Amino acid sequence: MANRPAPIHGRGAQSGAVPQRFGLAARVADGDWLDAREEIDGPAPKLRTEVTLERPRTIIARNTSPDIPFDRSINAYRGCEHGCAYCYARPSHAFHDLSPGLDFETKLFAKPDAAKLLRAELARPSYRPAPIAMGTNTDPYQPIEARFCITRAVLEVCLETRHPVTITTKSARVVRDLDLLAELAKLNLTAVSVSVTSLDPKLSGLLEPRASAPAKRLDALAQLAAAGVPAHVSVAPVIPAITDEFIEGILEAAAARGVKTASWIMLRLPHEVAPLFKEWLEVHYPSRAAKVIHTVQAMRHGKDNDPGFFTRMKPHGVWADVFRTRFRLAAMRLGLNRDQPVLDCAKFVRPELGGQLRLI
């Protein structure tokens, strides 16, 4: 216990090391300076969130992954202030020569022209509609959305053009846009998934330090369902020996609030996420760290992560069967084992640009 590292409060990652996959220069703090830092300079300054404006040429990202049920997405932000210790999107920050650790949750990028770019892409004669997924990489309702309102602007374009859009979030801030989501839902153009990892606010505060508390997420699901918005609960990720005890409780709480569909995802540890999450375990749950990692490896062919198509989302082995069976039985008992709605692409209306009427 004497060598247990001190936690970095209010952040999920416990270090800011840059990845070595791309040959970046390692960050090493001088030991002598560290010893004298507090005596000379006082306590280290609190980590602040920095936001850089990004001006991309396009906003719709395409993918051809055979095991993902959508082919296009919009990410209004790069990085995520929620700071979830397990976030599989963390390695994407390495492409900016930044740390998937603390940089990912403190050095963010916002795309204020997203709605304008979306309108331009939808106006192209060659464009064919299909559901746009938001929240598949970083959360569209992370705290800085309150300031930039990029997600809301994108939803306004989707409603105007009758374009289907799905939302995945860990934030109760989604109900701010309940007016738009309810109108989209009336036209069968949207569905919202809220991830709930545990029912313990203290654990959530360590694991997902700047995401909404579990009770607020459940309340958001209730408000969505009451407004007629297809509300889906995602028990994700399931972390063995840390959050798996909450599987049935989360499903029961969601069903009681009018949710009709549910899913679950086992913890994934791609690239730099594995060492970052192991570091988090050593700081917050040192006595369980070995058990957690060994259980994960038992479901991933002895490795921290299985990157293969189809298998990456479907862990195997005895432990995976246990979690899968627990989820299936609870979902059946609560009526949450229904198919998710198929959104309507036939209502799409191509937008006009610059006030010019469409040619008929």
# chains A, B, ... in the order shown; residues from 1 in each chain; ligands from 1
>>> residues_around(residues="stretch 156-163 of chain A", least_positions_apart="2", cutoff="9 Å", atoms="only C-alpha atoms", output="list of chain:residue names")
A:Ala115, A:Lys116, A:Leu118, A:Arg119, A:Leu122, A:Pro129, A:Ala130, A:Pro131, A:Ile132, A:Thr151, A:Arg152, A:Ala153, A:Val154, A:Val165, A:Leu180, A:Leu181, A:Glu183, A:Leu184, A:Leu187, A:Leu189, A:Thr190, A:Asp344, A:Cys345, A:Ala346, A:Lys347, A:Phe348, A:Val349, A:Arg350, A:Pro351
>>> residues_around(residues="stretch 195-202 of chain A", least_positions_apart="6", cutoff="8 Å", atoms="only C-alpha atoms", output="number ranges by chain")
A: 168-170, 213-215, 217-218, 233-238, 243, 246-247, 249-250
>>> write_last_selection(atoms="N, CA and C atoms", output="PDB file, in the first residue's frame")
ATOM      1  N   THR A 168     -26.036   8.290 -28.792  1.00  0.00           N
ATOM      2  CA  THR A 168     -25.524   7.484 -27.690  1.00  0.00           C
ATOM      3  C   THR A 168     -24.810   8.425 -26.733  1.00  0.00           C
ATOM      4  N   THR A 169     -25.167   8.368 -25.441  1.00  0.00           N
ATOM      5  CA  THR A 169     -24.597   9.321 -24.496  1.00  0.00           C
ATOM      6  C   THR A 169     -24.565   8.760 -23.086  1.00  0.00           C
ATOM      7  N   LYS A 170     -23.731   9.383 -22.249  1.00  0.00           N
ATOM      8  CA  LYS A 170     -23.709   9.116 -20.816  1.00  0.00           C
ATOM      9  C   LYS A 170     -24.153  10.354 -20.041  1.00  0.00           C
ATOM     10  N   ALA A 213     -24.318  11.487 -13.059  1.00  0.00           N
ATOM     11  CA  ALA A 213     -24.477  10.436 -12.060  1.00  0.00           C
ATOM     12  C   ALA A 213     -25.502   9.421 -12.551  1.00  0.00           C
ATOM     13  N   PRO A 214     -25.410   8.168 -12.104  1.00  0.00           N
ATOM     14  CA  PRO A 214     -26.350   7.140 -12.572  1.00  0.00           C
ATOM     15  C   PRO A 214     -27.814   7.533 -12.418  1.00  0.00           C
ATOM     16  N   ALA A 215     -28.188   8.130 -11.288  1.00  0.00           N
ATOM     17  CA  ALA A 215     -29.590   8.503 -11.074  1.00  0.00           C
ATOM     18  C   ALA A 215     -30.063   9.521 -12.102  1.00  0.00           C
ATOM     19  N   ARG A 217     -28.899   9.823 -15.180  1.00  0.00           N
ATOM     20  CA  ARG A 217     -29.043   9.133 -16.470  1.00  0.00           C
ATOM     21  C   ARG A 217     -30.369   8.374 -16.529  1.00  0.00           C
ATOM     22  N   LEU A 218     -30.715   7.726 -15.430  1.00  0.00           N
ATOM     23  CA  LEU A 218     -31.984   7.003 -15.388  1.00  0.00           C
ATOM     24  C   LEU A 218     -33.160   7.969 -15.493  1.00  0.00           C
ATOM     25  N   VAL A 233     -31.433   1.460 -23.054  1.00  0.00           N
ATOM     26  CA  VAL A 233     -30.399   1.457 -22.027  1.00  0.00           C
ATOM     27  C   VAL A 233     -29.291   0.501 -22.441  1.00  0.00           C
ATOM     28  N   SER A 234     -28.068   1.001 -22.357  1.00  0.00           N
ATOM     29  CA  SER A 234     -26.896   0.181 -22.673  1.00  0.00           C
ATOM     30  C   SER A 234     -26.106  -0.036 -21.388  1.00  0.00           C
ATOM     31  N   VAL A 235     -26.005  -1.280 -20.955  1.00  0.00           N
ATOM     32  CA  VAL A 235     -25.211  -1.621 -19.781  1.00  0.00           C
ATOM     33  C   VAL A 235     -23.781  -1.779 -20.293  1.00  0.00           C
ATOM     34  N   ALA A 236     -23.055  -0.659 -20.299  1.00  0.00           N
ATOM     35  CA  ALA A 236     -21.787  -0.668 -21.014  1.00  0.00           C
ATOM     36  C   ALA A 236     -20.812   0.333 -20.409  1.00  0.00           C
ATOM     37  N   PRO A 237     -19.552  -0.128 -20.238  1.00  0.00           N
ATOM     38  CA  PRO A 237     -19.162  -1.532 -20.372  1.00  0.00           C
ATOM     39  C   PRO A 237     -19.391  -2.292 -19.073  1.00  0.00           C
ATOM     40  N   VAL A 238     -19.505  -3.600 -19.200  1.00  0.00           N
ATOM     41  CA  VAL A 238     -19.524  -4.461 -18.018  1.00  0.00           C
ATOM     42  C   VAL A 238     -18.071  -4.739 -17.638  1.00  0.00           C
ATOM     43  N   THR A 243     -18.216  -3.684 -11.956  1.00  0.00           N
ATOM     44  CA  THR A 243     -19.578  -3.209 -12.236  1.00  0.00           C
ATOM     45  C   THR A 243     -20.571  -4.319 -12.560  1.00  0.00           C
ATOM     46  N   PHE A 246     -24.149  -4.857 -11.054  1.00  0.00           N
ATOM     47  CA  PHE A 246     -25.260  -3.941 -11.307  1.00  0.00           C
ATOM     48  C   PHE A 246     -26.088  -4.310 -12.537  1.00  0.00           C
ATOM     49  N   ILE A 247     -25.751  -5.382 -13.242  1.00  0.00           N
ATOM     50  CA  ILE A 247     -26.435  -5.706 -14.495  1.00  0.00           C
ATOM     51  C   ILE A 247     -27.949  -5.752 -14.302  1.00  0.00           C
ATOM     52  N   GLY A 249     -29.810  -4.808 -11.743  1.00  0.00           N
ATOM     53  CA  GLY A 249     -30.367  -3.596 -11.147  1.00  0.00           C
ATOM     54  C   GLY A 249     -30.557  -2.479 -12.162  1.00  0.00           C
ATOM     55  N   ILE A 250     -29.613  -2.331 -13.074  1.00  0.00           N
ATOM     56  CA  ILE A 250     -29.731  -1.308 -14.115  1.00  0.00           C
ATOM     57  C   ILE A 250     -30.926  -1.613 -15.012  1.00  0.00           C
TER      58      ILE A 250
END
>>> closest_residue(among="A:Trp319, A:Phe310, A:Tyr88, A:Phe104", to="A:Val292", atoms="only C-alpha atoms")
A:Trp319
>>> select_by_dssp(residues="stretch 41-138 of chain A", states="helix (DSSP H, G or I)", output="number ranges by chain")
A: 41, 90-96, 102-106, 114-123
>>> closest_atom_pairs(of="stretch 185-304 of chain A", to="stretch 323-330 of chain A", cutoff="9 Å", atoms="only C-alpha atoms", output="CSV")
residue,atom,partner,partner_atom,distance
A:Val238,CA,A:Phe323,CA,8.5
A:Asp244,CA,A:Phe323,CA,7.7
A:Ile247,CA,A:Phe327,CA,6.7
A:Glu248,CA,A:Ala330,CA,6.0
A:Leu251,CA,A:Ala330,CA,7.1
A:Glu252,CA,A:Ala330,CA,8.0
A:Ser263,CA,A:Phe327,CA,8.2
A:Trp264,CA,A:Phe327,CA,7.6
A:Met266,CA,A:Phe323,CA,8.8
>>> write_last_selection(atoms="C-alpha atoms", output="PDB file, in the first residue's frame")
ATOM      1  CA  VAL A 238     -19.524  -4.461 -18.018  1.00  0.00           C
ATOM      2  CA  ASP A 244     -21.049  -6.604 -13.162  1.00  0.00           C
ATOM      3  CA  ILE A 247     -26.435  -5.706 -14.495  1.00  0.00           C
ATOM      4  CA  GLU A 248     -29.852  -6.753 -13.207  1.00  0.00           C
ATOM      5  CA  LEU A 251     -32.188  -3.239 -16.266  1.00  0.00           C
ATOM      6  CA  GLU A 252     -34.831  -3.178 -13.530  1.00  0.00           C
ATOM      7  CA  SER A 263     -28.042  -4.183 -24.668  1.00  0.00           C
ATOM      8  CA  TRP A 264     -24.687  -4.797 -23.002  1.00  0.00           C
ATOM      9  CA  MET A 266     -18.074  -6.205 -22.276  1.00  0.00           C
TER      10      MET A 266
END
>>> closest_residue(among="A:Thr166, A:Ser126, A:Ala290, A:Glu50", to="A:Ser73", atoms="only C-alpha atoms")
A:Thr166
>>> closest_residue(among="A:Asp113, A:Asp177, A:Glu279, A:Asp304", to="A:Pro56", atoms="only C-alpha atoms")
A:Asp113
>>> closest_residue(among="A:Ala254, A:Ile60, A:Leu53, A:Leu276", to="A:Leu102", atoms="only C-alpha atoms")
A:Leu276
>>> select_by_dssp(residues="stretch 185-323 of chain A", states="strand (DSSP E)", output="JSON, numbers by chain")
{"A": [190, 191, 192, 193, 194, 195, 231, 232, 233, 234, 235, 236, 237, 238, 261, 262, 263, 264, 265, 266]}
>>> write_last_selection(atoms="C-alpha atoms", output="PDB file, in the first residue's frame")
ATOM      1  CA  THR A 190     -34.497   9.059 -33.931  1.00  0.00           C
ATOM      2  CA  ALA A 191     -33.633   6.732 -31.067  1.00  0.00           C
ATOM      3  CA  VAL A 192     -31.535   7.537 -28.005  1.00  0.00           C
ATOM      4  CA  SER A 193     -29.278   5.148 -26.094  1.00  0.00           C
ATOM      5  CA  VAL A 194     -28.064   6.080 -22.620  1.00  0.00           C
ATOM      6  CA  SER A 195     -25.143   4.095 -21.181  1.00  0.00           C
ATOM      7  CA  ALA A 231     -35.153   5.118 -25.227  1.00  0.00           C
ATOM      8  CA  HIS A 232     -32.563   2.369 -25.012  1.00  0.00           C
ATOM      9  CA  VAL A 233     -30.399   1.457 -22.027  1.00  0.00           C
ATOM     10  CA  SER A 234     -26.896   0.181 -22.673  1.00  0.00           C
ATOM     11  CA  VAL A 235     -25.211  -1.621 -19.781  1.00  0.00           C
ATOM     12  CA  ALA A 236     -21.787  -0.668 -21.014  1.00  0.00           C
ATOM     13  CA  PRO A 237     -19.162  -1.532 -20.372  1.00  0.00           C
ATOM     14  CA  VAL A 238     -19.524  -4.461 -18.018  1.00  0.00           C
ATOM     15  CA  THR A 261     -34.899  -2.121 -25.244  1.00  0.00           C
ATOM     16  CA  ALA A 262     -31.496  -2.908 -23.758  1.00  0.00           C
ATOM     17  CA  SER A 263     -28.042  -4.183 -24.668  1.00  0.00           C
ATOM     18  CA  TRP A 264     -24.687  -4.797 -23.002  1.00  0.00           C
ATOM     19  CA  ILE A 265     -21.017  -4.557 -23.983  1.00  0.00           C
ATOM     20  CA  MET A 266     -18.074  -6.205 -22.276  1.00  0.00           C
TER      21      MET A 266
END
>>> residues_around(residues="A:His93", least_positions_apart="6", cutoff="10 Å", atoms="only C-alpha atoms", output="PyMOL selection string")
chain A and resi 18-19+78-79+99-101+103-105+107-108
>>> write_last_selection(atoms="all heavy atoms", output="PDB file, in the first residue's frame")
ATOM      1  N   VAL A  18       2.408   9.824 -23.600  1.00  0.00           N
ATOM      2  CA  VAL A  18       2.052   9.730 -25.013  1.00  0.00           C
ATOM      3  C   VAL A  18       2.352   8.317 -25.502  1.00  0.00           C
ATOM      4  O   VAL A  18       3.230   7.640 -24.971  1.00  0.00           O
ATOM      5  CB  VAL A  18       2.826  10.752 -25.871  1.00  0.00           C
ATOM      6  CG1 VAL A  18       2.399  12.162 -25.520  1.00  0.00           C
ATOM      7  CG2 VAL A  18       4.322  10.582 -25.714  1.00  0.00           C
ATOM      8  N   PRO A  19       1.630   7.823 -26.508  1.00  0.00           N
ATOM      9  CA  PRO A  19       1.844   6.467 -26.996  1.00  0.00           C
ATOM     10  C   PRO A  19       3.157   6.330 -27.765  1.00  0.00           C
ATOM     11  O   PRO A  19       3.664   7.303 -28.326  1.00  0.00           O
ATOM     12  CB  PRO A  19       0.648   6.236 -27.929  1.00  0.00           C
ATOM     13  CG  PRO A  19       0.281   7.599 -28.402  1.00  0.00           C
ATOM     14  CD  PRO A  19       0.549   8.512 -27.237  1.00  0.00           C
ATOM     15  N   ARG A  78     -13.691  16.084 -30.573  1.00  0.00           N
ATOM     16  CA  ARG A  78     -12.607  15.111 -30.396  1.00  0.00           C
ATOM     17  C   ARG A  78     -12.163  15.198 -28.939  1.00  0.00           C
ATOM     18  O   ARG A  78     -12.022  16.289 -28.394  1.00  0.00           O
ATOM     19  CB  ARG A  78     -11.416  15.423 -31.305  1.00  0.00           C
ATOM     20  CG  ARG A  78     -11.681  15.278 -32.786  1.00  0.00           C
ATOM     21  CD  ARG A  78     -10.375  15.518 -33.556  1.00  0.00           C
ATOM     22  NE  ARG A  78     -10.575  15.677 -34.980  1.00  0.00           N
ATOM     23  CZ  ARG A  78     -10.521  14.679 -35.862  1.00  0.00           C
ATOM     24  NH1 ARG A  78     -10.275  13.457 -35.444  1.00  0.00           N
ATOM     25  NH2 ARG A  78     -10.699  14.907 -37.149  1.00  0.00           N
ATOM     26  N   GLY A  79     -11.895  14.052 -28.338  1.00  0.00           N
ATOM     27  CA  GLY A  79     -11.635  14.025 -26.913  1.00  0.00           C
ATOM     28  C   GLY A  79     -12.950  14.111 -26.160  1.00  0.00           C
ATOM     29  O   GLY A  79     -13.993  14.464 -26.732  1.00  0.00           O
ATOM     30  N   SER A  99      -1.685  12.760 -25.644  1.00  0.00           N
ATOM     31  CA  SER A  99      -1.831  11.594 -24.789  1.00  0.00           C
ATOM     32  C   SER A  99      -3.266  11.069 -24.795  1.00  0.00           C
ATOM     33  O   SER A  99      -4.214  11.841 -24.619  1.00  0.00           O
ATOM     34  CB  SER A  99      -1.439  11.949 -23.351  1.00  0.00           C
ATOM     35  OG  SER A  99      -1.945  11.002 -22.436  1.00  0.00           O
ATOM     36  N   PRO A 100      -3.452   9.748 -24.978  1.00  0.00           N
ATOM     37  CA  PRO A 100      -4.775   9.158 -24.802  1.00  0.00           C
ATOM     38  C   PRO A 100      -5.238   9.205 -23.345  1.00  0.00           C
ATOM     39  O   PRO A 100      -6.391   8.910 -23.060  1.00  0.00           O
ATOM     40  CB  PRO A 100      -4.577   7.708 -25.263  1.00  0.00           C
ATOM     41  CG  PRO A 100      -3.385   7.751 -26.162  1.00  0.00           C
ATOM     42  CD  PRO A 100      -2.487   8.773 -25.535  1.00  0.00           C
ATOM     43  N   GLY A 101      -4.310   9.578 -22.450  1.00  0.00           N
ATOM     44  CA  GLY A 101      -4.651   9.684 -21.040  1.00  0.00           C
ATOM     45  C   GLY A 101      -5.240  11.038 -20.709  1.00  0.00           C
ATOM     46  O   GLY A 101      -6.338  11.389 -21.142  1.00  0.00           O
ATOM     47  N   ASP A 103      -4.528  14.083 -21.702  1.00  0.00           N
ATOM     48  CA  ASP A 103      -4.811  14.984 -22.824  1.00  0.00           C
ATOM     49  C   ASP A 103      -6.181  14.711 -23.433  1.00  0.00           C
ATOM     50  O   ASP A 103      -6.885  15.644 -23.854  1.00  0.00           O
ATOM     51  CB  ASP A 103      -3.740  14.843 -23.914  1.00  0.00           C
ATOM     52  CG  ASP A 103      -2.410  15.472 -23.527  1.00  0.00           C
ATOM     53  OD1 ASP A 103      -2.367  16.186 -22.502  1.00  0.00           O
ATOM     54  OD2 ASP A 103      -1.417  15.231 -24.235  1.00  0.00           O
ATOM     55  N   PHE A 104      -6.566  13.450 -23.502  1.00  0.00           N
ATOM     56  CA  PHE A 104      -7.840  13.081 -24.117  1.00  0.00           C
ATOM     57  C   PHE A 104      -9.011  13.754 -23.422  1.00  0.00           C
ATOM     58  O   PHE A 104     -10.011  14.092 -24.065  1.00  0.00           O
ATOM     59  CB  PHE A 104      -8.013  11.560 -24.081  1.00  0.00           C
ATOM     60  CG  PHE A 104      -9.320  11.072 -24.637  1.00  0.00           C
ATOM     61  CD1 PHE A 104      -9.521  10.969 -26.003  1.00  0.00           C
ATOM     62  CD2 PHE A 104     -10.366  10.722 -23.789  1.00  0.00           C
ATOM     63  CE1 PHE A 104     -10.731  10.525 -26.520  1.00  0.00           C
ATOM     64  CE2 PHE A 104     -11.576  10.276 -24.294  1.00  0.00           C
ATOM     65  CZ  PHE A 104     -11.759  10.178 -25.663  1.00  0.00           C
ATOM     66  N   GLU A 105      -8.904  13.961 -22.117  1.00  0.00           N
ATOM     67  CA  GLU A 105     -10.020  14.546 -21.378  1.00  0.00           C
ATOM     68  C   GLU A 105      -9.799  16.000 -20.986  1.00  0.00           C
ATOM     69  O   GLU A 105     -10.685  16.605 -20.373  1.00  0.00           O
ATOM     70  CB  GLU A 105     -10.336  13.707 -20.137  1.00  0.00           C
ATOM     71  CG  GLU A 105      -9.146  13.390 -19.258  1.00  0.00           C
ATOM     72  CD  GLU A 105      -9.450  12.291 -18.247  1.00  0.00           C
ATOM     73  OE1 GLU A 105     -10.125  12.594 -17.250  1.00  0.00           O
ATOM     74  OE2 GLU A 105      -9.010  11.139 -18.464  1.00  0.00           O
ATOM     75  N   LYS A 107      -7.619  18.245 -23.299  1.00  0.00           N
ATOM     76  CA  LYS A 107      -7.320  18.989 -24.528  1.00  0.00           C
ATOM     77  C   LYS A 107      -8.314  18.550 -25.605  1.00  0.00           C
ATOM     78  O   LYS A 107      -8.102  17.569 -26.318  1.00  0.00           O
ATOM     79  CB  LYS A 107      -5.871  18.747 -24.966  1.00  0.00           C
ATOM     80  CG  LYS A 107      -4.830  19.222 -23.939  1.00  0.00           C
ATOM     81  CD  LYS A 107      -3.420  19.010 -24.445  1.00  0.00           C
ATOM     82  CE  LYS A 107      -2.387  19.336 -23.368  1.00  0.00           C
ATOM     83  NZ  LYS A 107      -2.480  20.727 -22.892  1.00  0.00           N
ATOM     84  N   LEU A 108      -9.401  19.279 -25.701  1.00  0.00           N
ATOM     85  CA  LEU A 108     -10.516  18.892 -26.557  1.00  0.00           C
ATOM     86  C   LEU A 108     -10.553  19.707 -27.841  1.00  0.00           C
ATOM     87  O   LEU A 108      -9.979  20.790 -27.931  1.00  0.00           O
ATOM     88  CB  LEU A 108     -11.837  19.075 -25.800  1.00  0.00           C
ATOM     89  CG  LEU A 108     -11.908  18.497 -24.382  1.00  0.00           C
ATOM     90  CD1 LEU A 108     -13.272  18.767 -23.777  1.00  0.00           C
ATOM     91  CD2 LEU A 108     -11.604  17.006 -24.390  1.00  0.00           C
TER      92      LEU A 108
END
